[in-house]
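The block underneath contains the structure these notes are about, expressed in structure tokens.
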Amino acid sequence: MSTVIPRQALAPEPAAPVAGIADDSAPRGAAPAPALPVVSGTPLIRLRGVTKLYGSGQAELMALKGIDLDVSAGEFVAIMGPSGSGKSTAMNILGCLDTPSAGQYLFHGAHVEALSRDQRARLRRRYLGFVFQGFNLLARTSAQENVELPLLYRGESAALRHAAAAKALQSVGLGGWEHHTPAELSGGQQQRVAIARAIVTEPAVLLADEPTGNLDTQRSQEIMELLRGLNTNHGITVLMVTHEPDMAAYAQRQVHFLDGLVHSDAPNPHPIPAAE
């Protein structure tokens with residue numbers, strides 16, 4: 001079955017909805033924008049010749065030097081490399097948190113690099129979920145309320161937010177913990193809340209930046225099993241930055257960055273088997 005994106009997504013600067021995203025001010029249930037089919041088999045994500053330049057003159061730094069990368073829907077990809085290799089810059093571009101200096105970024109066939117700031121924000125809200133090393137939870141807010149935040153920004157009703165957040169918390173094994181604040185949760189539980197917040201909008205892609213960096217070995221393994229389950233059982237594409245080979249071993253594919261370039265890109269021949 002063909003994926004569809006609105007016709008307006010192909011224009012550089014439309015004011016109408018883009019990349020399958022209804023304008024946030026439009027009422028729920030409104031008629032969708034006209035759509036064009038995307039050719040079956042097109043990668044979900046495609047980078048071509050992407051560069052990123054910071055500064056100028058003697059302070060100039062080329063963080064990305066022309067990278068090519070394809071990611072198909074449903075993949076679990078570990079992105080690795082030493083500090084300064086460009087992997088975090090690439091993730092920021094993939095997450096629509098930054099823009100390339102040159103090159104193309106296509107998402108579902110739509111040229112993201114040509115979108116306006118507001119259009120990228122809508123794409124981010126509708127298609128992408130984020131998990132960070134530091135959890136980034138609101139300290140005085142319950143798990144339920146933390147998970148509801150992305151839906152609040154989208155203007156969803158209270159009833160829909162409550163139901164969706166409860167479902168997301170249940171899916172990460174935190175049913176019954178809805179009213180606990182972060183201070184009342186372990187590090188592993190806080191990261192589960194952060195993952196529930198990332199998936200409450202039912203994103204196509206989950207971008208995880210060192211999601212186990214602040215956790216001990218057992219909790220790290222639990223989080224990795226959870227991410228793999230979201231990928232395998234729910235079809236969410238997972239892109240994960242990690243320095244840890246043990247965590248990258250859960251992924252189906254490993255991409256190594258070095259000096260602003262993709263140094264290697266290969267399937268993982270021996271992924272860690274799923275826990276019994």
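Labels for the structure tokens follow display order: chains A, B, ..., residues from 1 in each chain, ligands from 1.
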
Excluding Gly84 in chain A and its own-chain neighbours fewer than 3 positions away, which residues fall within 10 Å of it when counting only C-alpha atoms? Please give them as an MDAnalysis selection string. chainID A and resid 63:64 81 87:89 257:260

Restricting it to N, CA and C atoms, dump the selection as a PDB file, in the first residue's frame.
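Full text of again22.pdb as output:
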ATOM      1  N   ALA A  63      31.218  20.170  10.333  1.00  0.00           N
ATOM      2  CA  ALA A  63      30.825  19.044  11.170  1.00  0.00           C
ATOM      3  C   ALA A  63      30.398  17.838  10.346  1.00  0.00           C
ATOM      4  N   LEU A  64      29.771  18.083   9.206  1.00  0.00           N
ATOM      5  CA  LEU A  64      29.395  17.021   8.264  1.00  0.00           C
ATOM      6  C   LEU A  64      29.954  17.392   6.901  1.00  0.00           C
ATOM      7  N   GLY A  81      30.211   6.453  16.871  1.00  0.00           N
ATOM      8  CA  GLY A  81      31.372   7.238  16.469  1.00  0.00           C
ATOM      9  C   GLY A  81      31.932   7.988  17.657  1.00  0.00           C
ATOM     10  N   LYS A  87      28.029  12.522  14.452  1.00  0.00           N
ATOM     11  CA  LYS A  87      26.814  11.717  14.634  1.00  0.00           C
ATOM     12  C   LYS A  87      25.696  12.523  15.300  1.00  0.00           C
ATOM     13  N   SER A  88      26.032  13.349  16.291  1.00  0.00           N
ATOM     14  CA  SER A  88      25.000  14.145  16.957  1.00  0.00           C
ATOM     15  C   SER A  88      24.466  15.240  16.041  1.00  0.00           C
ATOM     16  N   THR A  89      25.350  15.821  15.230  1.00  0.00           N
ATOM     17  CA  THR A  89      24.904  16.812  14.246  1.00  0.00           C
ATOM     18  C   THR A  89      23.935  16.186  13.260  1.00  0.00           C
ATOM     19  N   PHE A 257      30.216   6.854  12.283  1.00  0.00           N
ATOM     20  CA  PHE A 257      30.671   8.151  11.781  1.00  0.00           C
ATOM     21  C   PHE A 257      32.119   8.377  12.199  1.00  0.00           C
ATOM     22  N   LEU A 258      32.866   9.065  11.347  1.00  0.00           N
ATOM     23  CA  LEU A 258      34.237   9.439  11.658  1.00  0.00           C
ATOM     24  C   LEU A 258      34.588  10.685  10.860  1.00  0.00           C
ATOM     25  N   ASP A 259      35.014  11.722  11.569  1.00  0.00           N
ATOM     26  CA  ASP A 259      35.478  12.969  10.927  1.00  0.00           C
ATOM     27  C   ASP A 259      34.446  13.538   9.962  1.00  0.00           C
ATOM     28  N   GLY A 260      33.173  13.531  10.366  1.00  0.00           N
ATOM     29  CA  GLY A 260      32.130  14.152   9.565  1.00  0.00           C
ATOM     30  C   GLY A 260      31.644  13.348   8.385  1.00  0.00           C
TER      31      GLY A 260
END

If you run DSSP on the backbone here, which positions in range 28-206 of chain A get strand (DSSP E or B)? Please write them as a PyMOL selection string. chain A and resi 35-38+45-54+61-71+76-80+102-107+110-111+128-132+205-206

Requested write-out: N, CA and C atoms of the selected residues, as a compact mmCIF listing (two decimals), in the first residue's frame:
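New file result.txt:
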# COMPACT_ATOMS: atom_id res chain seq x y z
N ALA A 35 -3.54 14.58 -1.69
CA ALA A 35 -2.32 13.83 -1.45
C ALA A 35 -1.77 13.26 -2.74
N LEU A 36 -0.46 13.05 -2.72
CA LEU A 36 0.23 12.37 -3.80
C LEU A 36 0.79 11.06 -3.27
N PRO A 37 0.74 9.98 -4.03
CA PRO A 37 1.35 8.74 -3.58
C PRO A 37 2.87 8.82 -3.63
N VAL A 38 3.51 8.23 -2.63
CA VAL A 38 4.95 8.09 -2.66
C VAL A 38 5.26 6.71 -3.20
N ILE A 45 13.66 7.73 5.21
CA ILE A 45 14.62 8.84 5.39
C ILE A 45 15.73 8.69 4.37
N ARG A 46 16.08 9.80 3.73
CA ARG A 46 17.21 9.78 2.78
C ARG A 46 18.01 11.07 2.93
N LEU A 47 19.30 10.94 3.17
CA LEU A 47 20.23 12.07 3.16
C LEU A 47 21.13 11.93 1.96
N ARG A 48 21.32 13.02 1.24
CA ARG A 48 22.20 13.01 0.08
C ARG A 48 23.11 14.24 0.09
N GLY A 49 24.41 13.98 0.21
CA GLY A 49 25.39 15.06 0.16
C GLY A 49 25.21 16.10 1.24
N VAL A 50 24.77 15.68 2.43
CA VAL A 50 24.46 16.64 3.51
C VAL A 50 25.75 17.13 4.17
N THR A 51 25.88 18.43 4.23
CA THR A 51 27.00 19.06 4.94
C THR A 51 26.44 19.97 6.04
N LYS A 52 27.28 20.24 7.03
CA LYS A 52 26.92 21.20 8.07
C LYS A 52 28.18 21.98 8.44
N LEU A 53 28.09 23.29 8.23
CA LEU A 53 29.22 24.19 8.49
C LEU A 53 28.85 25.12 9.64
N TYR A 54 29.72 25.19 10.63
CA TYR A 54 29.55 26.11 11.75
C TYR A 54 30.67 27.16 11.71
N LEU A 61 34.12 25.35 11.14
CA LEU A 61 34.15 23.92 11.44
C LEU A 61 33.15 23.21 10.55
N MET A 62 33.62 22.24 9.77
CA MET A 62 32.75 21.44 8.92
C MET A 62 32.40 20.17 9.69
N ALA A 63 31.22 20.17 10.33
CA ALA A 63 30.82 19.04 11.17
C ALA A 63 30.40 17.84 10.35
N LEU A 64 29.77 18.08 9.21
CA LEU A 64 29.40 17.02 8.26
C LEU A 64 29.95 17.39 6.90
N LYS A 65 30.53 16.41 6.21
CA LYS A 65 31.29 16.69 4.99
C LYS A 65 30.70 16.03 3.75
N GLY A 66 29.37 15.87 3.75
CA GLY A 66 28.73 15.30 2.57
C GLY A 66 28.31 13.86 2.80
N ILE A 67 27.37 13.65 3.71
CA ILE A 67 26.99 12.28 4.05
C ILE A 67 25.77 11.83 3.26
N ASP A 68 25.76 10.55 2.93
CA ASP A 68 24.64 9.87 2.30
C ASP A 68 24.15 8.81 3.26
N LEU A 69 22.84 8.74 3.45
CA LEU A 69 22.29 7.75 4.37
C LEU A 69 20.84 7.48 4.01
N ASP A 70 20.48 6.20 3.92
CA ASP A 70 19.09 5.79 3.72
C ASP A 70 18.64 4.99 4.93
N VAL A 71 17.41 5.24 5.39
CA VAL A 71 16.82 4.45 6.47
C VAL A 71 15.42 4.06 6.03
N PHE A 76 15.93 -0.64 12.84
CA PHE A 76 16.53 -0.24 14.13
C PHE A 76 18.00 -0.02 13.84
N VAL A 77 18.42 1.24 13.84
CA VAL A 77 19.77 1.61 13.43
C VAL A 77 20.52 2.24 14.61
N ALA A 78 21.70 1.72 14.90
CA ALA A 78 22.59 2.32 15.89
C ALA A 78 23.58 3.22 15.16
N ILE A 79 23.71 4.46 15.63
CA ILE A 79 24.64 5.42 15.05
C ILE A 79 25.76 5.64 16.05
N MET A 80 26.98 5.33 15.64
CA MET A 80 28.12 5.33 16.56
C MET A 80 29.24 6.21 16.01
N ALA A 102 24.12 22.32 3.19
CA ALA A 102 23.92 21.94 1.79
C ALA A 102 23.49 20.49 1.75
N GLY A 103 22.96 20.09 0.61
CA GLY A 103 22.52 18.71 0.46
C GLY A 103 21.02 18.57 0.65
N GLN A 104 20.55 17.33 0.56
CA GLN A 104 19.11 17.04 0.62
C GLN A 104 18.78 16.13 1.79
N TYR A 105 17.66 16.43 2.44
CA TYR A 105 17.08 15.57 3.46
C TYR A 105 15.64 15.31 3.05
N LEU A 106 15.35 14.06 2.70
CA LEU A 106 14.00 13.68 2.29
C LEU A 106 13.37 12.79 3.35
N PHE A 107 12.14 13.13 3.71
CA PHE A 107 11.35 12.34 4.66
C PHE A 107 10.04 11.97 3.96
N ALA A 110 9.49 13.94 0.85
CA ALA A 110 9.36 15.40 0.91
C ALA A 110 10.70 16.02 1.30
N HIS A 111 11.04 17.13 0.65
CA HIS A 111 12.33 17.79 0.89
C HIS A 111 12.26 18.63 2.17
N LEU A 128 7.87 12.48 14.67
CA LEU A 128 9.11 12.15 15.37
C LEU A 128 8.90 12.13 16.88
N GLY A 129 9.57 11.17 17.53
CA GLY A 129 9.61 11.13 18.99
C GLY A 129 11.07 11.16 19.43
N PHE A 130 11.33 11.75 20.60
CA PHE A 130 12.70 11.95 21.07
C PHE A 130 12.89 11.37 22.46
N VAL A 131 14.02 10.70 22.65
CA VAL A 131 14.43 10.19 23.96
C VAL A 131 15.86 10.66 24.20
N PHE A 132 16.09 11.26 25.38
CA PHE A 132 17.40 11.84 25.68
C PHE A 132 18.06 11.12 26.84
N VAL A 205 9.06 7.65 13.68
CA VAL A 205 10.48 7.50 13.99
C VAL A 205 10.73 7.90 15.44
N LEU A 206 11.53 7.08 16.13
CA LEU A 206 11.98 7.39 17.48
C LEU A 206 13.48 7.66 17.42

Just asking: which residues within range 65-246 of chain A are helix (DSSP H, G or I) according to DSSP, as a ChimeraX atom specification? /A:87-94,112-114,117-127,143-153,158-171,182-184,187-199,217-234,245-246

Here is a test: counting only C-alpha atoms, which residue of A:Leu115, A:Leu174, A:Ile199, A:Leu207 is nearest to Leu151 in chain A? A:Ile199

Write out as CSV a residue-level contact list of range 77-137 of chain A versus range 213-228 of chain A with cut-off 10 Å: for each qualifying residue the closest pair of atoms and the distance in Å to one decimal, counting only C-alpha atoms, rows sorted by chain and residue number upward.
residue,atom,partner,partner_atom,distance
A:Phe132,CA,A:Gly213,CA,9.0
A:Gln133,CA,A:Gly213,CA,5.6
A:Gly134,CA,A:Asn214,CA,7.0
A:Phe135,CA,A:Asn214,CA,9.0

Contacts of Gln144 in chain A within 10 Å, only C-alpha atoms, excl. fewer than 5 positions in-chain, as a list in words: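 So, after excluding close chain neighbours, the residues are Leu149, Arg161, His162, Ala163, Ala164, Ala165, Ala166, Ala168, Leu169, Trp177, Glu178, His179, His180, Thr181, Val193, Ala196 and Arg197 of chain A.
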